[in-house]
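Structure file model.txt; described as compact mmCIF, C-alpha atoms.
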# COMPACT_ATOMS: atom_id res chain seq x y z
CA GLN C 102 -50.79 0.09 -71.12
CA ALA C 103 -51.34 -1.76 -67.88
CA GLY C 104 -47.96 -2.91 -66.54
CA GLU C 105 -45.89 0.05 -67.77
CA ALA C 106 -44.51 2.21 -65.00
CA GLU C 107 -45.17 5.92 -65.08
CA PRO C 108 -42.03 7.87 -66.01
CA ALA C 109 -40.23 9.41 -63.05
CA ARG C 110 -41.00 13.07 -62.51
CA PRO C 111 -37.98 15.32 -62.14
CA ALA C 112 -37.37 17.18 -58.91
CA ALA C 113 -38.01 20.93 -58.96
CA VAL C 114 -34.29 21.65 -59.15
CA GLN C 115 -33.88 19.32 -62.12
CA ALA C 116 -36.89 20.90 -63.80
CA LEU C 117 -35.32 24.36 -63.44
CA LEU C 118 -32.08 23.16 -65.00
CA VAL C 119 -33.95 21.59 -67.92
CA ALA C 120 -36.00 24.77 -68.36
CA ALA C 121 -32.81 26.86 -68.45
CA VAL C 122 -31.24 24.60 -71.07
CA LEU C 123 -34.38 24.65 -73.21
CA ALA C 124 -34.63 28.44 -72.94
CA LYS C 125 -31.00 28.73 -74.04
CA ARG C 126 -31.50 26.36 -76.98
CA ARG C 127 -34.54 28.30 -78.15
CA GLY C 128 -32.64 31.57 -78.04
CA ARG C 129 -34.52 33.07 -75.10
CA LEU C 130 -31.35 33.25 -72.98
CA ARG C 131 -27.92 34.35 -74.15
CA HIS C 132 -26.13 32.27 -71.50
CA VAL C 133 -27.01 30.00 -68.61
CA LEU C 134 -24.89 31.60 -65.93
CA LEU C 135 -22.35 29.48 -64.05
CA PRO C 136 -23.65 30.49 -60.60
CA PHE C 137 -27.04 29.10 -61.64
CA TRP C 138 -25.50 25.69 -62.33
CA CYS C 139 -23.34 25.80 -59.21
CA ALA C 140 -26.29 26.69 -57.02
CA PHE C 141 -27.48 23.12 -57.04
CA THR C 142 -24.46 21.63 -55.34
CA GLY C 143 -25.02 22.83 -51.79
CA ARG C 144 -27.99 22.96 -49.49
CA MET C 145 -30.51 22.77 -52.33
CA ALA C 146 -29.09 19.46 -53.53
CA ARG C 147 -29.29 17.99 -50.02
CA GLN C 148 -32.70 19.30 -48.98
CA ARG C 149 -34.53 19.38 -52.34
CA PRO C 150 -36.69 22.41 -51.50
CA ARG C 151 -40.09 22.64 -53.08
CA LEU C 152 -41.10 25.59 -55.18
CA GLN C 153 -44.15 26.01 -52.95
CA ASP C 154 -41.99 26.54 -49.84
CA PRO C 155 -41.96 30.23 -48.91
CA ASP C 156 -38.21 30.22 -48.19
CA TRP C 157 -37.25 28.57 -51.50
CA PRO C 158 -36.16 31.83 -53.22
CA VAL C 159 -33.98 32.74 -50.23
CA VAL C 160 -32.29 29.32 -50.26
CA PHE C 161 -31.79 29.51 -54.03
CA LEU C 162 -30.31 33.02 -53.91
CA SER C 163 -28.00 32.16 -51.01
CA GLU C 164 -26.71 29.18 -53.01
CA VAL C 165 -26.21 31.38 -56.08
CA ALA C 166 -24.27 33.87 -53.93
CA GLU C 167 -22.11 31.08 -52.50
CA ALA C 168 -21.46 29.75 -56.00
CA ALA C 169 -20.44 33.24 -57.12
CA ARG C 170 -18.03 33.49 -54.16
CA ARG C 171 -16.53 30.10 -55.08
CA GLY C 172 -16.24 31.24 -58.69
CA LEU C 173 -14.43 34.43 -57.68
CA SER C 174 -12.08 32.42 -55.49
CA GLU C 175 -11.30 30.10 -58.41
CA LEU C 176 -10.78 33.09 -60.70
CA ASP C 177 -8.34 34.62 -58.19
CA ARG C 178 -6.42 31.32 -58.03
CA LEU C 179 -6.22 31.09 -61.84
CA ASN C 180 -5.17 34.74 -62.16
CA ALA C 181 -2.39 34.16 -59.62
CA ALA C 182 -1.19 31.13 -61.61
CA ALA C 183 -1.27 33.19 -64.81
CA ALA C 184 0.81 35.91 -63.15
CA ARG C 185 3.38 33.33 -61.98
CA ALA C 186 3.45 31.87 -65.51
CA ALA C 187 4.03 35.32 -67.03
CA ALA C 188 6.85 35.99 -64.56
CA LEU C 189 8.44 32.66 -65.47
CA ALA C 190 8.17 33.35 -69.20
CA ALA C 191 9.70 36.81 -68.74
CA SER C 192 12.60 35.46 -66.70
CA GLU C 193 13.34 32.67 -69.18
CA ARG C 194 13.64 34.58 -72.43
CA ARG C 195 15.84 31.85 -73.88
CA HIS C 196 13.31 29.13 -73.14
CA GLY C 197 10.22 30.39 -74.94
CA GLN C 198 8.54 27.03 -74.47
CA SER C 199 7.78 27.66 -70.78
CA GLY C 200 5.47 30.55 -71.65
CA LYS C 201 3.69 28.53 -74.33
CA ALA C 202 3.40 25.54 -72.00
CA ALA C 203 1.96 27.73 -69.25
CA GLU C 204 -0.62 29.10 -71.70
CA ILE C 205 -1.63 25.57 -72.65
CA ALA C 206 -1.83 24.49 -69.00
CA LEU C 207 -4.02 27.45 -68.08
CA ARG C 208 -6.52 26.55 -70.81
CA GLN C 209 -6.73 22.80 -70.22
CA PRO C 210 -8.07 21.02 -67.16
CA VAL C 211 -5.29 18.39 -67.20
CA VAL C 212 -1.83 18.37 -68.77
CA THR C 213 0.39 15.34 -69.42
CA ALA C 214 3.99 15.32 -70.62
CA ALA C 215 3.03 13.46 -73.80
CA GLY C 216 0.14 15.80 -74.58
CA LEU C 217 2.20 18.89 -73.89
CA ALA C 218 5.05 17.54 -76.05
CA GLN C 219 2.66 17.02 -78.93
CA GLN C 220 1.22 20.54 -78.64
CA LEU C 221 4.64 22.17 -78.33
CA GLY C 222 6.35 20.02 -80.95
CA ALA C 223 8.89 18.90 -78.36
CA THR C 224 10.02 15.55 -77.04
CA PRO C 225 8.24 14.04 -74.02
CA GLN C 226 11.46 14.44 -72.01
CA GLY C 227 11.67 18.11 -72.98
CA ALA C 228 8.02 18.61 -72.04
CA LEU C 229 8.68 16.97 -68.68
CA LEU C 230 11.53 19.43 -68.04
CA ILE C 231 9.20 22.31 -68.87
CA ILE C 232 6.56 20.85 -66.53
CA LYS C 233 9.18 20.68 -63.77
CA ARG C 234 9.90 24.40 -64.30
CA LEU C 235 6.18 25.16 -64.13
CA ILE C 236 5.88 23.15 -60.90
CA ALA C 237 8.85 25.00 -59.39
CA ALA C 238 7.25 28.32 -60.36
CA GLY C 239 3.97 27.32 -58.68
CA VAL C 240 1.97 27.21 -61.90
CA LEU C 241 1.32 23.44 -61.99
CA ARG C 242 1.01 20.66 -59.46
CA GLU C 243 0.99 16.90 -59.87
CA ALA C 244 -2.55 15.51 -59.59
CA THR C 245 -2.27 11.74 -59.80
CA GLY C 246 0.20 10.88 -57.02
CA ARG C 247 1.87 8.32 -59.28
CA ALA C 248 5.45 7.83 -60.41
CA SER C 249 4.49 7.21 -64.04
CA PHE C 250 1.63 8.27 -66.30
CA ARG C 251 1.33 11.45 -64.28
CA ALA C 252 -1.09 14.29 -64.92
CA PHE C 253 -0.71 17.91 -63.86
CA VAL C 254 -3.22 20.64 -63.07
CA VAL C 255 -3.03 24.37 -62.43
Entire entry expressed as structure tokens:
Amino acid sequence: QAGEAEPARPAAVQALLVAAVLAKRRGRLRHVLLPFWCAFTGRMARQRPRLQDPDWPVVFLSEVAEAARRGLSELDRLNAAAARAAALAASERRHGQSGKAAEIALRQPVVTAAGLAQQLGATPQGALLIIKRLIAAGVLREATGRASFRAFVV
């Protein structure tokens, strides 16, 4: 119809992401790899290279490599936190809740005292004491910067 705007065309990067998702949904891919998704956060997102550019594959692969390096760095950080959590659980045999709490924290992006208390079957005050132990052990850190309604991350 006259007056209707033409739908916006996706950028090449967006088209690749959509193609990857569709290929996964149709069973052509087992997984869409994390470095593929992370590749679109750096130079490619800022410059929006065109598929016709001769250096596009080089830019894409350098971004995938950088994303893989960031992923390995994050994995190292999480493994170090898991090792500190295991050491804490081993040193506190009497307080088995610290090990369980550390497991929960390592598998969730954000932990609150109330949420942890519910998962552990403890009181919110007890969960807060466990969180303090995890902070002292270097497993968790406070993320909100607030005095109340605080959230913690690995």
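Here CA of Leu217 (chain C) and CA of Ile205 (chain C) stand 7.8 Å from one another.
Close contacts of Arg178 (chain C), defined as residues with an atom at most 12 Å away when counting all atoms listed in the file, with chain neighbours fewer than 5 positions off set aside, comprise Arg171, Gly172, Leu173, Ala183, Ala184, Arg185, Leu207, Gly239, Val240, Leu241 and Val255 of chain C.
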Near-Ala190 (chain C) list (10 Å; only C-alpha atoms; drop same-chain fewer than 6 positions) as an NGL selection string: :C and (184 or 196-203 or 235)
I'd like the contact shell of Gly227 (chain C) - 9 Å cut-off, all atoms listed in the file, skipping same-chain residues fewer than 5 positions apart - returned as a PyMOL selection string. chain C and resi 214+218+232
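Of note, CA of Ala186 (chain C) and CA of Ala238 (chain C) are spaced 7.3 Å apart.
The spacing separating CA of Glu193 (chain C) from CA of Ala252 (chain C) amounts to 23.8 Å.
Residue nearest Ala182 (chain C) within the list C:Arg242, C:Ala223, C:Val119, C:Ala166: C:Arg242 [criterion: smallest interatomic distance, only C-alpha atoms].
Using all atoms listed in the file, every residue with an atom at most 7 Å from the point (-4.5, 12.2, -65.9) is listed here: Val211, Thr213, Thr245, Arg251 and Ala252 of chain C.
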